[in-house]
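*Asks:* Sending over model_1.cif (mmCIF, C-alpha atoms).
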```
data_run
#
loop_
_atom_site.label_atom_id
_atom_site.label_comp_id
_atom_site.auth_asym_id
_atom_site.auth_seq_id
_atom_site.Cartn_x
_atom_site.Cartn_y
_atom_site.Cartn_z
CA MET A 1 69.98 41.33 6.89
CA ILE A 2 71.04 44.82 5.85
CA ILE A 3 69.19 47.80 7.35
CA ARG A 4 69.70 51.29 5.92
CA ILE A 5 69.28 54.21 8.28
CA CYS A 6 69.06 57.96 7.70
CA ALA A 7 69.40 60.58 10.43
CA PHE A 8 69.37 64.35 9.92
CA THR A 9 70.74 65.70 13.21
CA ASP A 10 73.38 64.84 15.80
CA ARG A 11 70.66 63.61 18.16
CA GLY A 12 69.27 61.40 15.42
CA ARG A 13 72.69 59.99 14.67
CA GLU A 14 73.12 59.12 18.35
CA LEU A 15 69.90 57.10 18.19
CA ALA A 16 71.11 55.40 15.00
CA GLU A 17 74.35 54.40 16.71
CA LYS A 18 72.45 53.04 19.70
CA LEU A 19 70.33 50.86 17.43
CA GLU A 20 73.43 49.56 15.68
CA ARG A 21 75.14 48.72 18.98
CA GLU A 22 72.13 46.93 20.45
CA ALA A 23 70.95 45.12 17.31
CA ASP A 24 74.37 44.02 16.13
CA ASN A 25 73.08 40.92 14.36
CA TYR A 26 72.13 43.20 11.45
CA ILE A 27 74.42 45.01 9.04
CA TRP A 28 73.66 48.72 9.38
CA GLU A 29 74.33 51.16 6.54
CA HIS A 30 74.23 54.81 7.58
CA ARG A 31 73.55 57.45 4.94
CA SER A 32 76.36 59.98 4.94
CA LYS A 33 75.67 63.72 4.75
CA GLU A 34 77.33 63.82 1.34
CA THR A 35 75.05 61.15 -0.18
CA ASN A 36 72.07 62.41 -2.17
CA ILE A 37 69.05 61.22 -0.24
CA ASP A 38 66.89 60.57 -3.33
CA VAL A 39 69.57 58.34 -4.86
CA TRP A 40 70.06 56.63 -1.49
CA VAL A 41 66.35 55.86 -1.13
CA GLU A 42 66.13 54.59 -4.70
CA ASP A 43 69.09 52.26 -4.11
CA SER A 44 67.46 51.03 -0.91
CA PHE A 45 64.25 50.16 -2.75
CA LYS A 46 66.20 48.37 -5.49
CA MET A 47 67.71 46.04 -2.90
CA ARG A 48 64.42 45.94 -0.92
CA ALA A 49 66.33 46.88 2.22
CA PRO A 50 64.50 48.09 5.33
CA ILE A 51 64.80 51.87 5.65
CA VAL A 52 64.78 53.71 8.97
CA PHE A 53 64.31 57.48 8.97
CA ILE A 54 65.05 59.36 12.18
CA GLY A 55 63.10 62.55 11.72
CA ALA A 56 59.67 63.69 10.58
CA VAL A 57 57.16 61.34 8.96
CA GLY A 58 56.50 63.95 6.28
CA ILE A 59 60.11 63.87 5.09
CA ALA A 60 60.03 60.08 4.88
CA VAL A 61 56.76 60.04 2.95
CA ARG A 62 57.97 62.56 0.39
CA LYS A 63 61.25 60.74 -0.16
CA ILE A 64 59.80 57.24 -0.61
CA ALA A 65 56.73 58.31 -2.63
CA PRO A 66 58.32 57.97 -6.12
CA PHE A 67 59.39 54.38 -5.41
CA VAL A 68 56.33 52.87 -3.71
CA ALA A 69 54.91 50.24 -6.07
CA ASP A 70 53.76 46.97 -4.50
CA LYS A 71 52.88 46.03 -0.92
CA LEU A 72 54.42 42.57 -1.38
CA THR A 73 57.81 43.82 -2.59
CA ASP A 74 58.27 47.39 -1.32
CA SER A 75 61.01 48.06 1.21
CA PRO A 76 59.80 48.15 4.80
CA VAL A 77 60.03 51.74 6.02
CA LEU A 78 60.05 52.98 9.61
CA VAL A 79 60.20 56.45 11.14
CA ILE A 80 61.61 57.28 14.57
CA ASP A 81 61.18 60.76 16.01
CA GLU A 82 64.24 62.78 17.05
CA SER A 83 63.63 62.15 20.76
CA GLY A 84 63.35 58.40 20.29
CA ALA A 85 59.88 58.32 21.84
CA TYR A 86 57.99 56.70 18.93
CA VAL A 87 58.72 54.05 16.31
CA ILE A 88 56.29 54.18 13.38
CA PRO A 89 56.23 51.60 10.56
CA ILE A 90 54.74 53.37 7.54
CA LEU A 91 55.25 50.88 4.70
CA SER A 92 55.33 47.10 4.24
CA GLY A 93 54.39 46.35 7.83
CA HIS A 94 53.49 42.69 7.32
CA VAL A 95 55.20 41.03 4.34
CA GLY A 96 58.24 43.31 4.50
CA GLY A 97 58.46 42.99 8.28
CA ALA A 98 58.34 46.67 9.26
CA ASN A 99 56.00 45.97 12.18
CA ALA A 100 58.30 43.26 13.56
CA LEU A 101 61.32 45.54 13.21
CA SER A 102 59.47 48.34 14.98
CA LYS A 103 58.93 46.07 17.98
CA ARG A 104 62.65 45.30 18.17
CA MET A 105 63.66 48.94 17.83
CA ALA A 106 61.06 50.18 20.28
CA GLY A 107 62.42 47.73 22.83
CA ILE A 108 65.96 49.03 22.36
CA LEU A 109 64.94 52.69 22.64
CA ASN A 110 62.26 52.15 25.29
CA ALA A 111 59.91 53.79 22.80
CA GLN A 112 56.23 53.45 21.91
CA GLU A 113 55.31 51.55 18.75
CA VAL A 114 52.69 53.25 16.60
CA ILE A 115 51.07 50.40 14.66
CA THR A 116 48.15 51.16 12.33
CA THR A 117 47.56 47.91 10.40
CA ALA A 118 44.02 46.75 11.18
CA THR A 119 44.73 43.16 12.26
CA ASP A 120 47.49 44.34 14.59
CA VAL A 121 45.31 47.04 16.11
CA GLU A 122 42.60 44.46 16.79
CA LYS A 123 45.21 41.85 17.90
CA LEU A 124 44.06 39.40 15.23
CA PHE A 125 45.77 36.68 13.22
CA ALA A 126 47.62 38.16 10.21
CA VAL A 127 47.56 35.65 7.37
CA ASP A 128 50.26 37.38 5.31
CA VAL A 129 52.66 37.39 8.27
CA PHE A 130 51.78 33.72 8.81
CA ALA A 131 52.76 33.01 5.19
CA VAL A 132 56.10 34.80 5.49
CA LYS A 133 57.05 33.17 8.80
CA ASN A 134 56.25 29.69 7.52
CA GLY A 135 57.97 29.93 4.16
CA LEU A 136 54.76 29.97 2.13
CA LYS A 137 54.29 31.72 -1.21
CA ILE A 138 51.18 33.87 -1.65
CA VAL A 139 49.49 32.70 -4.86
CA ASN A 140 46.47 35.00 -5.05
CA ARG A 141 47.25 38.23 -3.25
CA ASP A 142 43.65 39.47 -3.27
CA GLY A 143 42.87 36.63 -0.87
CA ILE A 144 44.80 38.36 1.92
CA LYS A 145 42.21 41.13 2.13
CA LYS A 146 39.31 38.65 1.98
CA VAL A 147 40.64 36.55 4.84
CA SER A 148 41.54 39.60 6.94
CA SER A 149 38.11 41.14 6.35
CA LYS A 150 36.44 37.98 7.58
CA LEU A 151 38.50 38.06 10.78
CA LEU A 152 37.92 41.79 11.30
CA ALA A 153 34.17 41.17 11.03
CA GLY A 154 34.44 38.75 13.95
CA GLY A 155 34.39 35.57 11.90
CA ARG A 156 36.48 32.41 11.99
CA ILE A 157 38.65 31.04 9.23
CA SER A 158 39.58 27.51 8.25
CA ILE A 159 43.02 26.45 7.01
CA ALA A 160 43.66 23.23 5.08
CA LEU A 161 46.97 21.67 6.13
CA PRO A 162 48.61 18.91 4.06
CA LYS A 163 49.82 15.84 5.94
CA GLN A 164 53.49 16.90 5.78
CA PHE A 165 52.69 19.93 7.95
CA GLU A 166 52.84 19.59 11.73
CA GLU A 167 51.44 22.11 14.17
CA ASN A 168 51.39 22.89 17.86
CA LYS A 169 47.66 22.86 18.54
CA ASP A 170 48.15 24.62 21.87
CA ASN A 171 49.44 27.71 20.05
CA ARG A 172 46.74 27.80 17.41
CA PRO A 173 44.65 31.00 17.60
CA ASP A 174 41.03 30.53 18.69
CA CYS A 175 39.78 32.04 15.43
CA ILE A 176 41.26 29.24 13.30
CA ASP A 177 39.92 25.81 12.43
CA VAL A 178 42.33 23.34 10.80
CA VAL A 179 40.87 20.94 8.24
CA ASP A 180 42.50 17.98 6.53
CA ALA A 181 43.56 18.96 3.02
CA SER A 182 43.34 15.35 1.82
CA LEU A 183 39.60 15.26 2.51
CA GLU A 184 38.99 18.03 -0.04
CA GLU A 185 37.09 20.11 2.47
CA ASN A 186 36.39 23.70 1.58
CA ALA A 187 38.73 26.06 3.40
CA ASP A 188 39.31 29.80 3.60
CA VAL A 189 43.08 29.28 3.34
CA SER A 190 44.57 26.35 1.48
CA ILE A 191 48.20 25.24 1.45
CA THR A 192 47.36 23.06 -1.53
CA SER A 193 46.05 23.61 -5.07
CA GLU A 194 42.53 24.08 -3.71
CA THR A 195 40.93 26.65 -6.04
CA THR A 196 37.81 27.37 -3.98
CA ALA A 197 39.77 28.80 -1.05
CA LEU A 198 39.78 32.54 -0.45
CA LEU A 199 43.58 32.43 -0.24
CA THR A 200 45.96 29.85 -1.66
CA LEU A 201 49.47 29.47 -0.30
CA GLU A 202 52.23 27.24 -1.65
CA PRO A 203 55.16 25.82 0.34
CA LYS A 204 58.58 27.07 -0.67
CA SER A 205 60.43 23.78 -0.86
CA TYR A 206 64.11 24.66 -1.32
CA VAL A 207 66.91 25.60 1.06
CA LEU A 208 70.25 27.08 -0.01
CA GLY A 209 73.56 26.25 1.63
CA ILE A 210 76.21 28.89 0.94
CA GLY A 211 79.91 29.32 1.50
CA CYS A 212 82.23 32.03 0.19
CA LYS A 213 85.54 33.75 0.72
CA LYS A 214 85.63 36.80 2.93
CA GLU A 215 84.54 40.02 1.18
CA THR A 216 83.18 38.25 -1.89
CA ASP A 217 81.63 40.72 -4.33
CA LYS A 218 77.88 40.88 -3.79
CA GLU A 219 76.90 40.96 -7.47
CA LYS A 220 79.24 38.06 -8.19
CA LEU A 221 77.64 35.89 -5.49
CA GLU A 222 74.14 36.92 -6.58
CA ALA A 223 74.86 35.97 -10.19
CA PHE A 224 76.36 32.63 -9.12
CA ILE A 225 73.37 31.69 -6.95
CA CYS A 226 70.86 32.76 -9.60
CA LYS A 227 72.66 30.71 -12.27
CA ILE A 228 72.58 27.58 -10.12
CA LEU A 229 68.87 28.06 -9.48
CA GLU A 230 68.17 28.68 -13.16
CA ASP A 231 70.23 25.68 -14.27
CA ASN A 232 68.18 23.47 -11.95
CA ASN A 233 64.77 24.99 -12.82
CA ILE A 234 64.29 26.41 -9.33
CA ALA A 235 62.61 29.81 -9.01
CA ALA A 236 64.06 32.19 -6.42
CA ASP A 237 60.63 32.60 -4.85
CA ASP A 238 60.51 28.83 -4.23
CA VAL A 239 63.50 29.14 -1.88
CA CYS A 240 62.34 29.43 1.72
CA SER A 241 65.65 29.96 3.52
CA MET A 242 69.42 29.73 3.32
CA ALA A 243 72.22 28.82 5.70
CA SER A 244 75.97 28.91 6.26
CA ILE A 245 78.51 28.64 9.07
CA ASP A 246 78.42 31.24 11.86
CA LEU A 247 81.70 32.71 10.62
CA LYS A 248 79.64 34.10 7.74
CA GLN A 249 76.86 35.64 9.83
CA LYS A 250 77.75 39.18 8.73
CA GLU A 251 79.29 38.39 5.33
CA TYR A 252 78.01 41.30 3.27
CA ALA A 253 77.41 39.44 -0.01
CA ILE A 254 75.23 36.81 1.68
CA ASN A 255 73.30 39.41 3.66
CA TYR A 256 72.80 41.40 0.47
CA PHE A 257 71.23 38.37 -1.22
CA GLU A 258 69.07 37.71 1.85
CA THR A 259 67.83 41.30 1.88
CA LYS A 260 67.18 41.65 -1.86
CA TYR A 261 65.41 38.32 -2.27
CA ARG A 262 63.82 38.22 1.21
CA ILE A 263 65.20 34.77 1.92
CA PRO A 264 65.91 34.37 5.67
CA PHE A 265 69.54 33.59 6.45
CA TYR A 266 70.58 31.29 9.33
CA THR A 267 73.98 30.19 10.58
CA TYR A 268 75.33 27.21 12.51
CA THR A 269 78.51 26.49 14.42
CA ALA A 270 81.14 24.14 13.02
CA ASP A 271 80.15 21.52 15.61
CA GLU A 272 76.49 21.74 14.59
CA LEU A 273 77.38 21.30 10.93
CA GLU A 274 79.81 18.46 11.62
CA ALA A 275 77.01 16.58 13.41
CA VAL A 276 74.77 16.52 10.32
CA GLU A 277 74.49 12.96 9.04
CA GLY A 278 75.00 12.07 5.40
CA GLU A 279 77.61 11.79 2.68
CA PHE A 280 79.11 15.13 1.71
CA ALA A 281 81.91 16.44 -0.46
CA GLU A 282 84.83 16.74 1.94
CA SER A 283 87.60 19.34 1.85
CA ALA A 284 90.62 19.34 4.14
CA PHE A 285 91.28 22.98 3.20
CA VAL A 286 87.76 24.07 4.16
CA LYS A 287 88.10 22.21 7.48
CA SER A 288 91.39 23.97 8.22
CA ILE A 289 89.66 27.34 7.79
CA THR A 290 86.20 26.71 9.24
CA GLY A 291 86.52 23.63 11.44
CA VAL A 292 84.13 21.61 9.29
CA SER A 293 84.91 19.72 6.07
CA ASN A 294 81.89 20.96 4.14
CA VAL A 295 79.79 24.06 4.75
CA CYS A 296 77.23 24.45 1.97
CA GLU A 297 75.85 20.88 1.80
CA ARG A 298 75.75 20.39 5.56
CA ALA A 299 74.16 23.80 6.15
CA ALA A 300 71.45 23.19 3.56
CA MET A 301 70.57 19.77 4.99
CA LYS A 302 70.67 21.02 8.59
CA LEU A 303 68.20 23.80 7.86
CA ALA A 304 65.95 21.77 5.54
CA GLY A 305 65.11 19.38 8.36
CA GLU A 306 63.92 15.83 8.69
CA GLY A 307 63.66 13.79 5.49
CA ALA A 308 65.27 16.47 3.32
CA GLU A 309 67.01 15.57 0.08
CA LEU A 310 70.16 17.15 -1.33
CA VAL A 311 69.06 17.98 -4.88
CA VAL A 312 72.04 20.13 -5.93
CA HIS A 313 75.38 18.98 -4.56
CA LYS A 314 78.24 21.33 -3.79
CA THR A 315 78.93 23.58 -6.76
CA ALA A 316 82.05 25.72 -6.56
CA TYR A 317 83.24 28.75 -8.50
CA GLU A 318 85.95 31.28 -7.68
CA GLY A 319 85.77 30.88 -3.91
CA MET A 320 81.99 30.49 -3.72
CA THR A 321 80.07 27.28 -3.01
CA VAL A 322 76.34 26.58 -3.17
CA ALA A 323 74.21 23.49 -2.51
CA VAL A 324 70.44 23.08 -2.53
CA ALA A 325 68.28 20.82 -0.35
CA LYS A 326 64.59 20.07 -0.78
CA LYS A 327 62.32 20.03 2.25
CA LYS A 328 59.93 17.14 2.87
CA SER A 329 58.31 18.33 6.10
CA TRP A 330 57.18 21.57 7.70
CA ARG A 331 56.44 22.77 11.21
CA ILE A 332 53.74 25.43 11.38
CA GLU A 333 54.27 28.43 13.63
CA TRP A 334 51.03 30.22 14.44
CA GLU A 335 52.29 33.38 16.11
CA THR A 336 52.01 36.47 13.89
#
```
I'd like the structure from this file rewritten - as structure tokens, please.
*Replies:*
Amino acid sequence: MIIRICAFTDRGRELAEKLEREADNYIWEHRSKETNIDVWVEDSFKMRAPIVFIGAVGIAVRKIAPFVADKLTDSPVLVIDESGAYVIPILSGHVGGANALSKRMAGILNAQEVITTATDVEKLFAVDVFAVKNGLKIVNRDGIKKVSSKLLAGGRISIALPKQFEENKDNRPDCIDVVDASLEENADVSITSETTALLTLEPKSYVLGIGCKKETDKEKLEAFICKILEDNNIAADDVCSMASIDLKQKEYAINYFETKYRIPFYTYTADELEAVEGEFAESAFVKSITGVSNVCERAAMKLAGEGAELVVHKTAYEGMTVAVAKKKSWRIEWET
């Protein structure tokens, strides 16, 4: 993932460099003094990148105000004070992940998180975070508020799980009852087509496997992936995750696509990919470079999990390769 960070003083820039050193799994983009801040913020919102301001909250609010549009798609925005004492997520705390990022950054800086979202303040289950973490699409966004209001009032909620979903019952919050979706029971949250539920979620079924040459152009890769999805009648918001080999962990073009489309990106070692069972398009050249004969198909199937089906085989174009797998099973994670 790409994180964009803006500091206004030498002290702020020192904090920015500390974050980059300690959280080196991200790609950090620092705003230069010469870059117009309004243009920089607008570009950040266009790519839906997390934005970190090191300075006053007021400055951050004024700069992001013209671009704030939708809580489900806005960039996550955080503010850190010049002394590094507080980390404050001010926009897109749940779906965008600003609250989760604030926890990571507060840990690095030994700072205090300042969280204001109601369910977090009350230490309650956050259904929108649950949806994001489990690769579920929010169908009726107004249902988020209804479910959260019920929990904030001290109530319980029921969730209808289809049979292909497994859960760890020991980790299930006390405020949740799980009902069998096949029995057509009424539920507050339904991961089915249940229309009477307060909130309906749909599983994102597809996983991308990606390979590309070093320093591939980001717009070129984006266009290639989008064309493959379009040609196979797959919507981008039906893709739950994507994967590649660990050599590509910080490949900018892939991280750009991850950030813009909010599709989590995972990587595997050559040995992990080589161990994936199945018939794949083999390439001696790819193996000589990466240590595995096929990256995109193996990565997609590895991430998609048990019973997955390869629905788009390796498609190559100008040094880029993409494959698509379809999930058949899910494992629910309750922690939000």
*Asks:* For the file shown, what are the residues hit by the PyMOL selection byres ((chain A and resi 154-156) around 12), laid out as a count of residues only?
*Replies:* 25
*Asks:* Residues proximal to (70.6, 50.5, 5.5) were defined as those with any atom within 7 Å of that point in the file's coordinates, counting all atoms listed in the file. Which are they, as a ChimeraX atom specification?
*Replies:* /A:2-5,28-30,49-51
*Asks:* Can you work out which one of A:Lys218, A:Ala111, A:Thr259, A:Leu208 has the shortest atom-to-atom distance to Gly97 of chain A, counting all atoms listed in the file?
*Replies:*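 Under the stated criterion, the closest residue is A:Thr259.
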*Asks:* Quick check, in Å to one decimal: how far apart do atom CA of Ser92 of chain A and atom CA of Glu34 of chain A lie?
*Replies:*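 Computing it gives 27.8 Å between the two atoms.
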*Asks:* Within 7 Å of segment 160-171 of chain A, counting all atoms listed in the file, which residues qualify if same-chain residues fewer than 3 places away don't, as a PyMOL selection string?
*Replies:* chain A and resi 178-182+187+189-191+329-334
*Asks:* Given the PyMOL selection byres ((chain A and resi 77) around 12) and the file above, list the residues it selects as a PyMOL selection string.
*Replies:* chain A and resi 3-6+41+44-45+48-54+57+60-61+63-65+67-68+71+73-76+78-80+87-102
*Asks:* So how far away is atom CA of Val39 of chain A from atom CA of Ile59 of chain A, in Å?
*Replies:*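 That distance, rounded to one decimal, is 14.8 Å.
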*Asks:* Apply the PyMOL selection byres ((chain A and resi 231-242) around 7) to the file shown and report the selected residues as a PyMOL selection string.
*Replies:* chain A and resi 135+204-209+227-230+243+263-266+300
*Asks:* What separation in Å, quoted to one decimal, exists between atom CA of Gly307 of chain A and atom CA of Lys328 of chain A?
*Replies:*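 One can read the atom CA of Gly307 of chain A to atom CA of Lys328 of chain A distance as 5.7 Å.
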*Asks:* With distances taken over all atoms listed in the file, which of A:Glu297, A:Thr336, A:Ile27, A:Ala106 is nearest to Phe130 of chain A?
*Replies:*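 With all atoms listed in the file as the atom set, the closest residue is A:Thr336.
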*Asks:* Considering only C-alpha atoms, can you say which of A:Ile254, A:Val132, A:Ile115, A:Ala316 comes closest to Thr216 of chain A?
*Replies:*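 Among the listed residues, A:Ile254 lies closest to Thr216 of chain A.
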*Asks:* Hey, which of A:Val312, A:Cys226, A:Leu199, A:Ala118 ends up closest to Ile144 of chain A? Count only C-alpha atoms.
*Replies:* A:Leu199
*Asks:* Which residues are near Arg21 of chain A? Cut-off 12 Å, all atoms listed in the file, ignore same chain within fewer than 5 positions. Put them as a PDB file with C-alpha atoms, in the coordinates of the input.
*Replies:*
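Written out: result_18.pdb:
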```pdb
ATOM      1  CA  GLU A  14      73.120  59.120  18.350  1.00  0.00           C
ATOM      2  CA  LEU A  15      69.900  57.100  18.190  1.00  0.00           C
ATOM      3  CA  ALA A  16      71.110  55.400  15.000  1.00  0.00           C
ATOM      4  CA  TYR A  26      72.130  43.200  11.450  1.00  0.00           C
ATOM      5  CA  ILE A  27      74.420  45.010   9.040  1.00  0.00           C
ATOM      6  CA  TRP A  28      73.660  48.720   9.380  1.00  0.00           C
ATOM      7  CA  MET A 105      63.660  48.940  17.830  1.00  0.00           C
ATOM      8  CA  ILE A 108      65.960  49.030  22.360  1.00  0.00           C
ATOM      9  CA  LEU A 109      64.940  52.690  22.640  1.00  0.00           C
TER      10      LEU A 109
END
```
*Asks:* Using all atoms listed in the file, find all polymer residues with an atom at most 8 Å away from the point (77.1, 40.1, -2.3); report them as a list in words.
*Replies:*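 Every residue inside that radius is included here: Thr216, Asp217, Lys218, Glu219, Lys220, Leu221, Glu222, Tyr252, Ala253, Ile254, Asn255, Tyr256 and Phe257 of chain A.
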*Asks:* For those residues, write C-alpha atoms to a file as a PDB file, in the frame of the given file.
*Replies:*
```
ATOM      1  CA  THR A 216      83.180  38.250  -1.890  1.00  0.00           C
ATOM      2  CA  ASP A 217      81.630  40.720  -4.330  1.00  0.00           C
ATOM      3  CA  LYS A 218      77.880  40.880  -3.790  1.00  0.00           C
ATOM      4  CA  GLU A 219      76.900  40.960  -7.470  1.00  0.00           C
ATOM      5  CA  LYS A 220      79.240  38.060  -8.190  1.00  0.00           C
ATOM      6  CA  LEU A 221      77.640  35.890  -5.490  1.00  0.00           C
ATOM      7  CA  GLU A 222      74.140  36.920  -6.580  1.00  0.00           C
ATOM      8  CA  TYR A 252      78.010  41.300   3.270  1.00  0.00           C
ATOM      9  CA  ALA A 253      77.410  39.440  -0.010  1.00  0.00           C
ATOM     10  CA  ILE A 254      75.230  36.810   1.680  1.00  0.00           C
ATOM     11  CA  ASN A 255      73.300  39.410   3.660  1.00  0.00           C
ATOM     12  CA  TYR A 256      72.800  41.400   0.470  1.00  0.00           C
ATOM     13  CA  PHE A 257      71.230  38.370  -1.220  1.00  0.00           C
TER      14      PHE A 257
END
```
*Asks:* When you count only C-alpha atoms, which of these residues is closest to Glu279 of chain A: A:Ser293, A:Asn36, A:Thr267, A:Asn134?
*Replies:*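 The shortest atom-to-atom distance to Glu279 of chain A comes from A:Ser293.
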*Asks:* Check the smallest atom-to-atom distance from each of A:Val324, A:Leu198, A:Cys296, A:Ala131 to Glu309 of chain A using all atoms listed in the file, then report the winner.
*Replies:*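 Using all atoms listed in the file, the shortest distance to Glu309 of chain A belongs to A:Val324.
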*Asks:* Hey, can I get the axis-aligned box for segment 261-272 of chain A? All listed atoms, 8 Å padding on each side, centre and edge lengths in Å to one decimal, as lines of an AutoDock Vina configuration file.
*Replies:*
```
center_x = 72.5
center_y = 29.9
center_z = 6.7
size_x = 33.3
size_y = 32.8
size_z = 33.9
```
*Asks:* Extract segment 281-334 of chain A from the structure I just pasted (atoms: C-alpha atoms) and return it as a compact mmCIF listing (two decimals), in the first residue's frame.
*Replies:*
```
# COMPACT_ATOMS: atom_id res chain seq x y z
CA ALA A 281 1.35 -22.51 -17.53
CA GLU A 282 5.08 -23.09 -17.06
CA SER A 283 7.89 -20.75 -18.08
CA ALA A 284 11.58 -21.59 -17.81
CA PHE A 285 12.41 -17.88 -18.18
CA VAL A 286 10.14 -16.88 -15.29
CA LYS A 287 11.69 -19.62 -13.13
CA SER A 288 15.20 -18.36 -13.91
CA ILE A 289 14.20 -14.90 -12.65
CA THR A 290 11.88 -15.69 -9.74
CA GLY A 291 12.62 -19.27 -8.75
CA VAL A 292 9.13 -20.45 -9.65
CA SER A 293 7.80 -21.40 -13.10
CA ASN A 294 4.54 -19.48 -12.82
CA VAL A 295 3.71 -16.55 -10.55
CA CYS A 296 0.25 -15.23 -11.39
CA GLU A 297 -1.73 -18.51 -11.52
CA ARG A 298 -0.04 -20.04 -8.49
CA ALA A 299 -0.40 -16.83 -6.45
CA ALA A 300 -4.10 -16.52 -7.26
CA MET A 301 -4.82 -20.14 -6.32
CA LYS A 302 -2.69 -19.97 -3.16
CA LEU A 303 -4.57 -16.94 -1.87
CA ALA A 304 -8.03 -18.09 -2.99
CA GLY A 305 -7.82 -21.12 -0.72
CA GLU A 306 -9.38 -24.53 -0.55
CA GLY A 307 -11.61 -25.57 -3.45
CA ALA A 308 -10.79 -22.49 -5.53
CA GLU A 309 -11.11 -22.55 -9.31
CA LEU A 310 -8.84 -20.84 -11.82
CA VAL A 311 -11.37 -18.97 -13.98
CA VAL A 312 -8.94 -16.81 -15.98
CA HIS A 313 -5.68 -18.50 -16.88
CA LYS A 314 -2.41 -16.66 -17.30
CA THR A 315 -2.85 -13.71 -19.63
CA ALA A 316 0.32 -11.91 -20.69
CA TYR A 317 0.97 -8.55 -22.30
CA GLU A 318 4.18 -6.52 -22.55
CA GLY A 319 5.82 -7.96 -19.44
CA MET A 320 2.65 -8.15 -17.35
CA THR A 321 0.73 -11.30 -16.40
CA VAL A 322 -2.63 -11.69 -14.69
CA ALA A 323 -4.73 -14.69 -13.65
CA VAL A 324 -8.00 -14.84 -11.73
CA ALA A 325 -9.19 -17.48 -9.26
CA LYS A 326 -12.67 -17.84 -7.80
CA LYS A 327 -13.08 -18.59 -4.11
CA LYS A 328 -15.37 -21.38 -2.92
CA SER A 329 -14.90 -21.05 0.84
CA TRP A 330 -14.39 -18.33 3.42
CA ARG A 331 -13.03 -18.12 6.94
CA ILE A 332 -14.68 -15.45 9.07
CA GLU A 333 -12.50 -13.25 11.26
CA TRP A 334 -14.47 -11.55 14.01
```
